[in-house]
Amino acid sequence: MNSILWTLSSLLVIGLGLPALRFSAVRDLDPLARLAIAFVSGTLFIGIVLYLEALAGIRWSYLSIGIPLLMVTVAFGRRLRAAAARVQPPWELFAVVFLCGYGAYTARITCADLLFFWGPKSQRFFLARGIDYSFLGAPEHFLMHADYPPLQPLVNAFSSLVTGSFSYEGAVLITTGYLMATALVFRGFSMKVIGIRKANLFSALLAAVLTVGFAGGRAAGGADPMLLMFEVLALAAATFSRERGWEWVVAIGLAGAAFTKVEGLTFVITLVLLLAIQRRQIRAVVITLVPAVVLIGSWIVVTRSHGLIDSYRRSEGALYPTNTLLVFRILGSTASYGAAHLPWIAALAPMALGRSARRALLPALAGLASIALAVFFYLHGPSPEFWIRSSAERVLLTALASFVVASAAASE
């Protein structure tokens, strides 16, 4: 029961995400999409609140998190009521997400890193009522990567503060919420371009592809479902939206991605470069980048000042180009997800039948760049097999999601 309450408590962040509903690019979206965007935005904003309080030396408490949450909710609550009206349920999507929830709740797709990485950080931050740098820097915690972006532990600490304890079961179950938000955001933005029928089908396809990926990569409880939620928000807004304020929605997605995982920063750089080439709106592109740079830049400065830099030095290691064929061979094998590469076929096949290659170009290139960057990083090791087999099924989920977005865009 506590795990369910812990998971449901994460919905409170919708209150902090309500200001995002004021953007023109969000205002006319489907009500479910607006609720999902409030959840995605609130997830980032509650992390920022806890982060800033930790930097200021404010001990987390019901008051420290409750006051800003209550103030924003009261100020923008009218938009929540409006967003909850006139819902058209996408039953195909709900059915797929239910399967993911079953796998998560029965611990069939649990991420091992939850037990050795994300869980201990989340629990320690909650108990310390702040970011515990001594815990992060302890020699015995070296494999936890002290400088890894802190958003997921911060968000988990929020749910723990609300319920009074940390829940490993809840941390696994919330994967279902992240998947639902990911698919609903994508559905909302794509619906305005390809219509509700196609949007329902493609959002169900995205959820199905990611569910297979979560199962194959054992992703539940790790940071990848949260990362994909932010990445798809940024990618869907960049691909389908032309209304004013699209750049701010993309900025929320990119800031969240960069503050969730190291891989998120490479996604940020990739998408910003593609947007600069495609849209040529310098001011708008700069807006998409600045929040991510400020957030992750400040985190790098803070961790460096505590002598905790680790993950952000990896690209400085030696490159082993002689391993290129080996990396491709192992990566190709691992990418099958135990299903004869069916997720890739499902993600890519509709693109081949589409008629709007121009709109599909941005997400398609983002997916290809994600694969290329994965190969580049896997080449930074003399014996990459274990590294690839233990992480590639999760790392490649960004490319899979990008290709589903591209297929939907091509169907316009």
# chains A, B, ... in the order shown; residues from 1 in each chain; ligands from 1

call {"tool": "closest_atom_pairs", "arguments": {"of": "region 383-412 of chain A", "to": "region 239-262 of chain A", "cutoff": "9 Å", "atoms": "only C-alpha atoms", "output": "Markdown table"}}
result
| residue | atom | partner | partner_atom | distance |
| --- | --- | --- | --- | --- |
| A:Val405 | CA | A:Thr239 | CA | 8.2 |
| A:Ala406 | CA | A:Thr239 | CA | 8.4 |
| A:Ala409 | CA | A:Thr239 | CA | 7.4 |

call {"tool": "write_last_selection", "arguments": {"atoms": "C-alpha atoms", "output": "short mmCIF file (atom, residue, chain, number, x, y, z; two decimals), in the first residue's frame"}}
result
data_model
loop_
_atom_site.label_atom_id
_atom_site.label_comp_id
_atom_site.auth_asym_id
_atom_site.auth_seq_id
_atom_site.Cartn_x
_atom_site.Cartn_y
_atom_site.Cartn_z
CA VAL A 405 8.29 10.19 -33.62
CA ALA A 406 9.80 10.34 -37.11
CA ALA A 409 5.75 12.85 -38.62
#

call {"tool": "residues_around", "arguments": {"residues": "Leu205 (chain A)", "least_positions_apart": "6", "cutoff": "12 Å", "atoms": "only C-alpha atoms", "output": "compact mmCIF listing (two decimals) with C-alpha atoms, in the first residue's frame"}}
result
# COMPACT_ATOMS: atom_id res chain seq x y z
CA GLU A 92 -5.14 1.47 -27.04
CA LEU A 93 -2.47 3.43 -25.18
CA PHE A 94 -3.97 2.65 -21.77
CA ALA A 95 -3.91 -1.07 -22.55
CA VAL A 96 -0.20 -0.99 -23.44
CA VAL A 97 0.71 1.05 -20.35
CA LEU A 179 5.66 6.02 -19.77
CA THR A 182 5.72 10.27 -22.48
CA ALA A 183 3.05 8.79 -24.73
CA LEU A 184 0.39 11.40 -23.90
CA PHE A 186 3.68 12.76 -27.95
CA ARG A 187 0.00 12.07 -28.73
CA LYS A 198 -3.16 8.28 -36.21
CA ALA A 199 -2.01 9.94 -33.00
CA THR A 211 7.67 -1.30 -22.94
CA VAL A 212 9.56 -3.98 -24.86
CA LEU A 342 11.03 -6.33 -33.75
CA PRO A 343 11.00 -2.97 -31.86
CA TRP A 344 13.22 -1.45 -34.57
CA ILE A 345 11.05 -2.85 -37.35
CA ALA A 346 7.91 -1.49 -35.66
CA ALA A 347 9.50 1.94 -35.15
CA LEU A 348 10.96 2.29 -38.64
CA ALA A 349 8.50 0.51 -40.96
CA PRO A 350 5.80 3.24 -40.89
CA LEU A 400 13.84 3.93 -30.81
CA ALA A 401 11.63 6.70 -29.45
CA PHE A 403 12.24 6.82 -34.87
CA VAL A 404 8.62 6.40 -33.71
CA VAL A 405 8.29 10.19 -33.62
CA SER A 407 7.40 7.70 -38.40
CA ALA A 408 4.44 9.64 -37.05

call {"tool": "residues_around", "arguments": {"residues": "Leu99 (chain A)", "least_positions_apart": "6", "cutoff": "10 Å", "atoms": "only C-alpha atoms", "output": "PyMOL selection string"}}
result
chain A and resi 105+176+207-208+211

call {"tool": "write_last_selection", "arguments": {"atoms": "C-alpha atoms", "output": "PDB file, in the first residue's frame"}}
result
ATOM      1  CA  TYR A 105       4.667  -3.977 -10.182  1.00  0.00           C
ATOM      2  CA  THR A 176       4.428   3.417 -15.561  1.00  0.00           C
ATOM      3  CA  ALA A 207       4.376   2.902 -25.537  1.00  0.00           C
ATOM      4  CA  ALA A 208       4.653  -0.657 -26.899  1.00  0.00           C
ATOM      5  CA  THR A 211       7.670  -1.296 -22.937  1.00  0.00           C
TER       6      THR A 211
END

call {"tool": "residues_around", "arguments": {"residues": "region 154-161 of chain A", "least_positions_apart": "4", "cutoff": "8 Å", "atoms": "only C-alpha atoms", "output": "PyMOL selection string"}}
result
chain A and resi 6-7+9-10+43+46-47+50-51+61-62+122-123+125-126+150+165-167+171

call {"tool": "select_by_dssp", "arguments": {"residues": "region 148-270 of chain A", "states": "alpha helix (DSSP H)", "output": "NGL selection string"}}
result
:A and (151-163 or 168-194 or 196-217 or 224-240 or 246-258 or 262-270)

call {"tool": "closest_residue", "arguments": {"among": "A:Phe230, A:Ala237, A:Ile67, A:Gly119", "to": "Ser24 (chain A)", "atoms": "only C-alpha atoms"}}
result
A:Ala237

call {"tool": "residues_around", "arguments": {"residues": "Ser370 (chain A)", "least_positions_apart": "5", "cutoff": "9 Å", "atoms": "only C-alpha atoms", "output": "PyMOL selection string"}}
result
chain A and resi 266-267+270+365+375+395-396+398-399

call {"tool": "write_last_selection", "arguments": {"atoms": "C-alpha atoms", "output": "mmCIF file, in the first residue's frame"}}
result
data_model
loop_
_atom_site.group_PDB
_atom_site.id
_atom_site.type_symbol
_atom_site.label_atom_id
_atom_site.label_comp_id
_atom_site.auth_asym_id
_atom_site.auth_seq_id
_atom_site.Cartn_x
_atom_site.Cartn_y
_atom_site.Cartn_z
ATOM 1 C CA THR A 266 24.492 14.635 -25.670
ATOM 2 C CA PHE A 267 20.816 14.608 -26.676
ATOM 3 C CA THR A 270 22.290 17.048 -30.864
ATOM 4 C CA LEU A 365 18.470 12.484 -37.533
ATOM 5 C CA VAL A 375 29.110 3.862 -30.616
ATOM 6 C CA VAL A 395 20.851 3.610 -24.103
ATOM 7 C CA LEU A 396 19.294 2.751 -27.479
ATOM 8 C CA THR A 398 16.354 7.218 -27.236
ATOM 9 C CA ALA A 399 16.899 6.184 -30.849
#

call {"tool": "closest_residue", "arguments": {"among": "A:Ile65, A:Val268, A:Ala38, A:Cys111", "to": "Pro291 (chain A)", "atoms": "only C-alpha atoms"}}
result
A:Val268

call {"tool": "closest_residue", "arguments": {"among": "A:Ala219, A:Leu265, A:Val209, A:Val172", "to": "Ala339 (chain A)", "atoms": "only C-alpha atoms"}}
result
A:Val209

call {"tool": "atom_distance", "arguments": {"atom1": "CA of Gly15 (chain A)", "atom2": "CA of Pro153 (chain A)"}}
result
19.6 Å

call {"tool": "closest_residue", "arguments": {"among": "A:Ile131, A:Ala410, A:Val293, A:Leu361", "to": "Ala238 (chain A)", "atoms": "only C-alpha atoms"}}
result
A:Leu361

call {"tool": "residues_around", "arguments": {"residues": "Thr334 (chain A)", "least_positions_apart": "5", "cutoff": "9 Å", "atoms": "only C-alpha atoms", "output": "PDB file with N, CA and C atoms, in the first residue's frame"}}
result
ATOM      1  N   ARG A 329      29.162  -5.261 -33.685  1.00  0.00           N
ATOM      2  CA  ARG A 329      28.657  -6.634 -33.618  1.00  0.00           C
ATOM      3  C   ARG A 329      27.895  -6.862 -32.305  1.00  0.00           C
ATOM      4  N   ILE A 388      28.650  -2.768 -22.990  1.00  0.00           N
ATOM      5  CA  ILE A 388      27.584  -2.702 -23.986  1.00  0.00           C
ATOM      6  C   ILE A 388      26.402  -3.580 -23.567  1.00  0.00           C
ATOM      7  N   ARG A 389      26.703  -4.818 -23.175  1.00  0.00           N
ATOM      8  CA  ARG A 389      25.626  -5.763 -22.866  1.00  0.00           C
ATOM      9  C   ARG A 389      24.839  -5.351 -21.614  1.00  0.00           C
ATOM     10  N   ALA A 392      23.351  -1.146 -23.250  1.00  0.00           N
ATOM     11  CA  ALA A 392      22.915  -0.726 -24.587  1.00  0.00           C
ATOM     12  C   ALA A 392      21.410  -0.786 -24.774  1.00  0.00           C
ATOM     13  N   GLU A 393      20.756  -1.789 -24.186  1.00  0.00           N
ATOM     14  CA  GLU A 393      19.311  -1.899 -24.368  1.00  0.00           C
ATOM     15  C   GLU A 393      18.576  -0.690 -23.802  1.00  0.00           C
TER      16      GLU A 393
END

call {"tool": "atom_distance", "arguments": {"atom1": "CA of Leu173 (chain A)", "atom2": "CA of Phe142 (chain A)"}}
result
27.2 Å
